[in-house]
Amino acid sequence: MTVATRAELTEWTRHEDRHGPHEVDEHVHHVVRRELDASLAALLGTPAGDTVLSTGAADAFATLVPRLPLGPGDRIWTTPYEGVANLTVLSALRERARCRLEVVPLRPDGDLDLEWMAAHIDDDVALVSVAHVPAGCGIVAPVEDIGRILAPYRCLYAVDASYAVGQLPVDVGRIGCQLLTGDGWRFLRGPESVGFAYVAAELRQVLAPYGTAPLVPPEGARVVALNAALAEQEEAVPAGDLAAVLRAALEGTPGAQLIAPGRVQSGIVAFRHAEVPAGPLRRELAARGVTAGKTVAQETPLYLPGHGVTAAVRVSVHHDNSAEDVARFAEALRDVLAGHRRHTVPTAVRAAAPASVATAGVGAVAAPVAAGPRAVSAFPAAEGGGAALAVRVPRPRRRTAGRRHLALVSGPASDGTA
């Protein structure tokens, strides 16, 4: 968070602790919301007042989408880059409405197949859900091109901009979506547990006869802090040059494998190493002053498991990063790998060791695991080259302080799929 954002969060949290939530809520209602609505409208290119606040993008999606009046003749399109939280919602909607859930195929280079979408779109497609930038890698989906394909048809278009807003230009008018969800943290550098959703008039009209459960409002102090963060928000300019330097540093690192499908990349770079697992690698980088994230296959279950990825390290650059930061990362990574090589048992010794020893330690997970239990089953081909969804989606776990990272373990699922 910026200094001003952190100060606002601290001050109003203390105020709420001393005086209770009512004064904070009154301040939010009478002062902050007007400023925040204007900031969100400018950020997203929406009319003022067309955004609602929630505790997060996933929570907003999970509240609004299940109320869509879909039926057996409808089709839902998602992509292999859909996150597990939204995918869980879409799977539940499919079960309730008895409709079809189809996965848009990818081109050989990893981009979404827009030609397939243009050839197979019709008025049976009721909902299309696309992640602008997925959590598991840095590919940028062509959300504006998709919007132009969908515009002549009756389908509703939902875009998850959680990892895009703040680092990329996001213009709802150019995208043409009816629902856009985002988080106040990550690239916006606001507090956690506060997000927003743009809800177009068409979507409000569709939902009106069926009732809309109100979104769970975020805490007042977090709303004040988000307002402070957006007041300092600079124009989103893709950090392409710096991200390219970051990717080049990884490409020159022996044993490192980039997870970078597609032709257009964002400031998020995901990779794994052939010798050092993602968890220990992330911790060793943190010990050297470099903060990195860890992504696991369950977070993007239609893409990562099928590409042999169980866990990966995720690093990102933002407007306040510099080439010196990338150099520090590269130096820290070299130091971690050099230390690992010094402490790795030589191959000859490892071959002579008992099996219980040879399969232990960080070197034991160098071989990728194709898929974990309940991650994804085979997709029977849909008519026209698409894929009908036949996947058991793992339940997303709530973020908690000190959350342990998930790990995939090879073995059969309860339903017999691999």
# chains A, B, ... in the order shown; residues from 1 in each chain; ligands from 1
$ select_by_dssp --residues "range 101-304 of chain A" --states "strand (DSSP E)" --output "PyMOL selection string"
chain A and resi 101-103+125-131+156-160+179-183+195-199+256-259+268-273+293-296
$ select_by_dssp --residues "range 241-324 of chain A" --states "alpha helix (DSSP H)" --output "ChimeraX atom specification"
/A:241-251,278-287,323-324
$ write_last_selection --atoms "N, CA, C and O atoms" --output "PDB file, in the first residue's frame"
ATOM      1  N   ASP A 241       8.363  -3.213 -21.108  1.00  0.00           N
ATOM      2  CA  ASP A 241       9.815  -3.252 -21.248  1.00  0.00           C
ATOM      3  C   ASP A 241      10.467  -3.895 -20.033  1.00  0.00           C
ATOM      4  O   ASP A 241      11.350  -4.748 -20.161  1.00  0.00           O
ATOM      5  N   LEU A 242      10.026  -3.497 -18.831  1.00  0.00           N
ATOM      6  CA  LEU A 242      10.624  -4.043 -17.616  1.00  0.00           C
ATOM      7  C   LEU A 242      10.280  -5.515 -17.453  1.00  0.00           C
ATOM      8  O   LEU A 242      11.120  -6.318 -17.022  1.00  0.00           O
ATOM      9  N   ALA A 243       9.048  -5.897 -17.801  1.00  0.00           N
ATOM     10  CA  ALA A 243       8.671  -7.307 -17.730  1.00  0.00           C
ATOM     11  C   ALA A 243       9.483  -8.131 -18.729  1.00  0.00           C
ATOM     12  O   ALA A 243       9.836  -9.281 -18.449  1.00  0.00           O
ATOM     13  N   ALA A 244       9.795  -7.551 -19.876  1.00  0.00           N
ATOM     14  CA  ALA A 244      10.620  -8.260 -20.860  1.00  0.00           C
ATOM     15  C   ALA A 244      12.023  -8.494 -20.313  1.00  0.00           C
ATOM     16  O   ALA A 244      12.622  -9.560 -20.534  1.00  0.00           O
ATOM     17  N   VAL A 245      12.551  -7.521 -19.583  1.00  0.00           N
ATOM     18  CA  VAL A 245      13.872  -7.689 -18.949  1.00  0.00           C
ATOM     19  C   VAL A 245      13.811  -8.801 -17.909  1.00  0.00           C
ATOM     20  O   VAL A 245      14.734  -9.616 -17.791  1.00  0.00           O
ATOM     21  N   LEU A 246      12.711  -8.838 -17.161  1.00  0.00           N
ATOM     22  CA  LEU A 246      12.526  -9.882 -16.150  1.00  0.00           C
ATOM     23  C   LEU A 246      12.460 -11.258 -16.802  1.00  0.00           C
ATOM     24  O   LEU A 246      13.100 -12.213 -16.333  1.00  0.00           O
ATOM     25  N   ARG A 247      11.701 -11.374 -17.891  1.00  0.00           N
ATOM     26  CA  ARG A 247      11.615 -12.667 -18.581  1.00  0.00           C
ATOM     27  C   ARG A 247      12.970 -13.065 -19.170  1.00  0.00           C
ATOM     28  O   ARG A 247      13.340 -14.243 -19.143  1.00  0.00           O
ATOM     29  N   ALA A 248      13.704 -12.093 -19.695  1.00  0.00           N
ATOM     30  CA  ALA A 248      15.021 -12.395 -20.256  1.00  0.00           C
ATOM     31  C   ALA A 248      15.970 -12.919 -19.179  1.00  0.00           C
ATOM     32  O   ALA A 248      16.771 -13.832 -19.434  1.00  0.00           O
ATOM     33  N   ALA A 249      15.879 -12.356 -17.979  1.00  0.00           N
ATOM     34  CA  ALA A 249      16.730 -12.834 -16.887  1.00  0.00           C
ATOM     35  C   ALA A 249      16.421 -14.288 -16.555  1.00  0.00           C
ATOM     36  O   ALA A 249      17.323 -15.083 -16.261  1.00  0.00           O
ATOM     37  N   LEU A 250      15.149 -14.665 -16.619  1.00  0.00           N
ATOM     38  CA  LEU A 250      14.782 -16.046 -16.334  1.00  0.00           C
ATOM     39  C   LEU A 250      15.163 -16.977 -17.476  1.00  0.00           C
ATOM     40  O   LEU A 250      15.569 -18.120 -17.248  1.00  0.00           O
ATOM     41  N   GLU A 251      15.009 -16.499 -18.709  1.00  0.00           N
ATOM     42  CA  GLU A 251      15.381 -17.327 -19.860  1.00  0.00           C
ATOM     43  C   GLU A 251      16.868 -17.656 -19.849  1.00  0.00           C
ATOM     44  O   GLU A 251      17.289 -18.693 -20.361  1.00  0.00           O
ATOM     45  N   ALA A 278       8.858 -24.760  -5.911  1.00  0.00           N
ATOM     46  CA  ALA A 278       8.433 -23.365  -5.838  1.00  0.00           C
ATOM     47  C   ALA A 278       8.414 -22.835  -4.414  1.00  0.00           C
ATOM     48  O   ALA A 278       8.815 -21.691  -4.161  1.00  0.00           O
ATOM     49  N   GLY A 279       7.935 -23.640  -3.457  1.00  0.00           N
ATOM     50  CA  GLY A 279       7.838 -23.161  -2.077  1.00  0.00           C
ATOM     51  C   GLY A 279       9.184 -22.776  -1.490  1.00  0.00           C
ATOM     52  O   GLY A 279       9.377 -21.638  -1.034  1.00  0.00           O
ATOM     53  N   PRO A 280      10.157 -23.711  -1.454  1.00  0.00           N
ATOM     54  CA  PRO A 280      11.475 -23.346  -0.940  1.00  0.00           C
ATOM     55  C   PRO A 280      12.139 -22.222  -1.729  1.00  0.00           C
ATOM     56  O   PRO A 280      12.822 -21.373  -1.148  1.00  0.00           O
ATOM     57  N   LEU A 281      11.940 -22.210  -3.047  1.00  0.00           N
ATOM     58  CA  LEU A 281      12.543 -21.153  -3.854  1.00  0.00           C
ATOM     59  C   LEU A 281      11.974 -19.791  -3.466  1.00  0.00           C
ATOM     60  O   LEU A 281      12.715 -18.807  -3.318  1.00  0.00           O
ATOM     61  N   ARG A 282      10.677 -19.724  -3.270  1.00  0.00           N
ATOM     62  CA  ARG A 282      10.061 -18.460  -2.865  1.00  0.00           C
ATOM     63  C   ARG A 282      10.582 -18.010  -1.496  1.00  0.00           C
ATOM     64  O   ARG A 282      10.880 -16.829  -1.297  1.00  0.00           O
ATOM     65  N   ARG A 283      10.695 -18.933  -0.575  1.00  0.00           N
ATOM     66  CA  ARG A 283      11.181 -18.581   0.769  1.00  0.00           C
ATOM     67  C   ARG A 283      12.631 -18.129   0.741  1.00  0.00           C
ATOM     68  O   ARG A 283      13.018 -17.193   1.450  1.00  0.00           O
ATOM     69  N   GLU A 284      13.446 -18.775  -0.080  1.00  0.00           N
ATOM     70  CA  GLU A 284      14.852 -18.378  -0.177  1.00  0.00           C
ATOM     71  C   GLU A 284      14.993 -17.004  -0.818  1.00  0.00           C
ATOM     72  O   GLU A 284      15.859 -16.209  -0.440  1.00  0.00           O
ATOM     73  N   LEU A 285      14.149 -16.702  -1.793  1.00  0.00           N
ATOM     74  CA  LEU A 285      14.174 -15.363  -2.380  1.00  0.00           C
ATOM     75  C   LEU A 285      13.759 -14.320  -1.344  1.00  0.00           C
ATOM     76  O   LEU A 285      14.350 -13.235  -1.274  1.00  0.00           O
ATOM     77  N   ALA A 286      12.740 -14.644  -0.538  1.00  0.00           N
ATOM     78  CA  ALA A 286      12.296 -13.704   0.492  1.00  0.00           C
ATOM     79  C   ALA A 286      13.405 -13.425   1.496  1.00  0.00           C
ATOM     80  O   ALA A 286      13.564 -12.295   1.969  1.00  0.00           O
ATOM     81  N   ALA A 287      14.191 -14.467   1.824  1.00  0.00           N
ATOM     82  CA  ALA A 287      15.296 -14.277   2.759  1.00  0.00           C
ATOM     83  C   ALA A 287      16.361 -13.346   2.193  1.00  0.00           C
ATOM     84  O   ALA A 287      17.156 -12.784   2.953  1.00  0.00           O
ATOM     85  N   ALA A 323      14.831  -1.166 -13.234  1.00  0.00           N
ATOM     86  CA  ALA A 323      15.747  -2.191 -13.741  1.00  0.00           C
ATOM     87  C   ALA A 323      16.652  -2.711 -12.629  1.00  0.00           C
ATOM     88  O   ALA A 323      17.063  -3.880 -12.647  1.00  0.00           O
ATOM     89  N   GLU A 324      16.941  -1.861 -11.647  1.00  0.00           N
ATOM     90  CA  GLU A 324      17.771  -2.301 -10.520  1.00  0.00           C
ATOM     91  C   GLU A 324      17.053  -3.381  -9.708  1.00  0.00           C
ATOM     92  O   GLU A 324      17.700  -4.313  -9.195  1.00  0.00           O
TER      93      GLU A 324
END
$ closest_residue --among "A:Pro301, A:Pro254, A:Pro214, A:Gly138" --to "Ser316 in chain A" --atoms "only C-alpha atoms"
A:Gly138
$ residues_around --residues "Val194 in chain A" --least-positions-apart "4" --cutoff "8 Å" --atoms "only C-alpha atoms" --output "PyMOL selection string"
chain A and resi 53-56+183-185+218-219+222-223+226
$ closest_atom_pairs --of "range 130-203 of chain A" --to "range 58-63 of chain A" --cutoff "9 Å" --atoms "only C-alpha atoms" --output "CSV"
residue,atom,partner,partner_atom,distance
A:Ala158,CA,A:Phe61,CA,8.8
A:Asp160,CA,A:Ala58,CA,8.5
A:Ser162,CA,A:Ala58,CA,8.8
A:Leu179,CA,A:Phe61,CA,8.6
A:Leu180,CA,A:Phe61,CA,8.8
A:Thr181,CA,A:Ala60,CA,7.0
A:Gly182,CA,A:Ala58,CA,8.3
A:Asp183,CA,A:Ala58,CA,8.6
A:Gly195,CA,A:Ala60,CA,8.0
A:Phe196,CA,A:Ala60,CA,7.3
A:Ala197,CA,A:Ala60,CA,6.5
$ closest_atom_pairs --of "range 75-169 of chain A" --to "range 25-45 of chain A" --cutoff "10 Å" --atoms "only C-alpha atoms" --output "CSV"
residue,atom,partner,partner_atom,distance
A:Val165,CA,A:Leu44,CA,8.2
A:Gly166,CA,A:Leu43,CA,8.4
A:Pro169,CA,A:Leu44,CA,8.2
$ atom_distance --atom1 "CA of Leu302 in chain A" --atom2 "CA of Pro80 in chain A"
4.8 Å
$ closest_residue --among "A:Ile149, A:Ala4, A:Leu64, A:Ala161" --to "Leu90 in chain A" --atoms "only C-alpha atoms"
A:Leu64
$ atom_distance --atom1 "CA of Gly293 in chain A" --atom2 "CA of Gln257 in chain A"
15.9 Å
$ residues_around --residues "Ala141 in chain A" --least-positions-apart "3" --cutoff "8 Å" --atoms "only C-alpha atoms" --output "PyMOL selection string"
chain A and resi 111-112+130-133+264
$ write_last_selection --atoms "C-alpha atoms" --output "short mmCIF file (atom, residue, chain, number, x, y, z; two decimals), in the first residue's frame"
data_model
loop_
_atom_site.label_atom_id
_atom_site.label_comp_id
_atom_site.auth_asym_id
_atom_site.auth_seq_id
_atom_site.Cartn_x
_atom_site.Cartn_y
_atom_site.Cartn_z
CA ASP A 111 -3.84 -17.51 -27.26
CA LEU A 112 -7.60 -17.94 -27.16
CA VAL A 130 -13.01 -14.38 -19.41
CA ALA A 131 -10.08 -13.59 -17.12
CA HIS A 132 -8.35 -10.47 -18.47
CA VAL A 133 -5.08 -11.62 -16.85
CA VAL A 264 0.88 -10.61 -25.30
#
$ atom_distance --atom1 "CA of Tyr210 in chain A" --atom2 "CA of Pro69 in chain A"
7.8 Å
$ residues_around --residues "Ala126 in chain A" --least-positions-apart "2" --cutoff "12 Å" --atoms "only C-alpha atoms" --output "number ranges by chain"
A: 65, 68-78, 93-94, 97, 99-102, 121-124, 128-129, 150, 153-158, 203, 206
$ closest_residue --among "A:Val276, A:Ala312, A:Leu114, A:Leu258" --to "Gly339 in chain A" --atoms "only C-alpha atoms"
A:Val276
$ closest_residue --among "A:Val216, A:His319, A:Gly83, A:Gly176" --to "Tyr198 in chain A" --atoms "only C-alpha atoms"
A:Gly176
$ closest_residue --among "A:Val89, A:Arg204, A:Ala332, A:Leu304" --to "Pro261 in chain A" --atoms "only C-alpha atoms"
A:Leu304
$ closest_residue --among "A:Thr46, A:Gln298, A:Gln265, A:Ser322" --to "Cys137 in chain A" --atoms "only C-alpha atoms"
A:Gln265
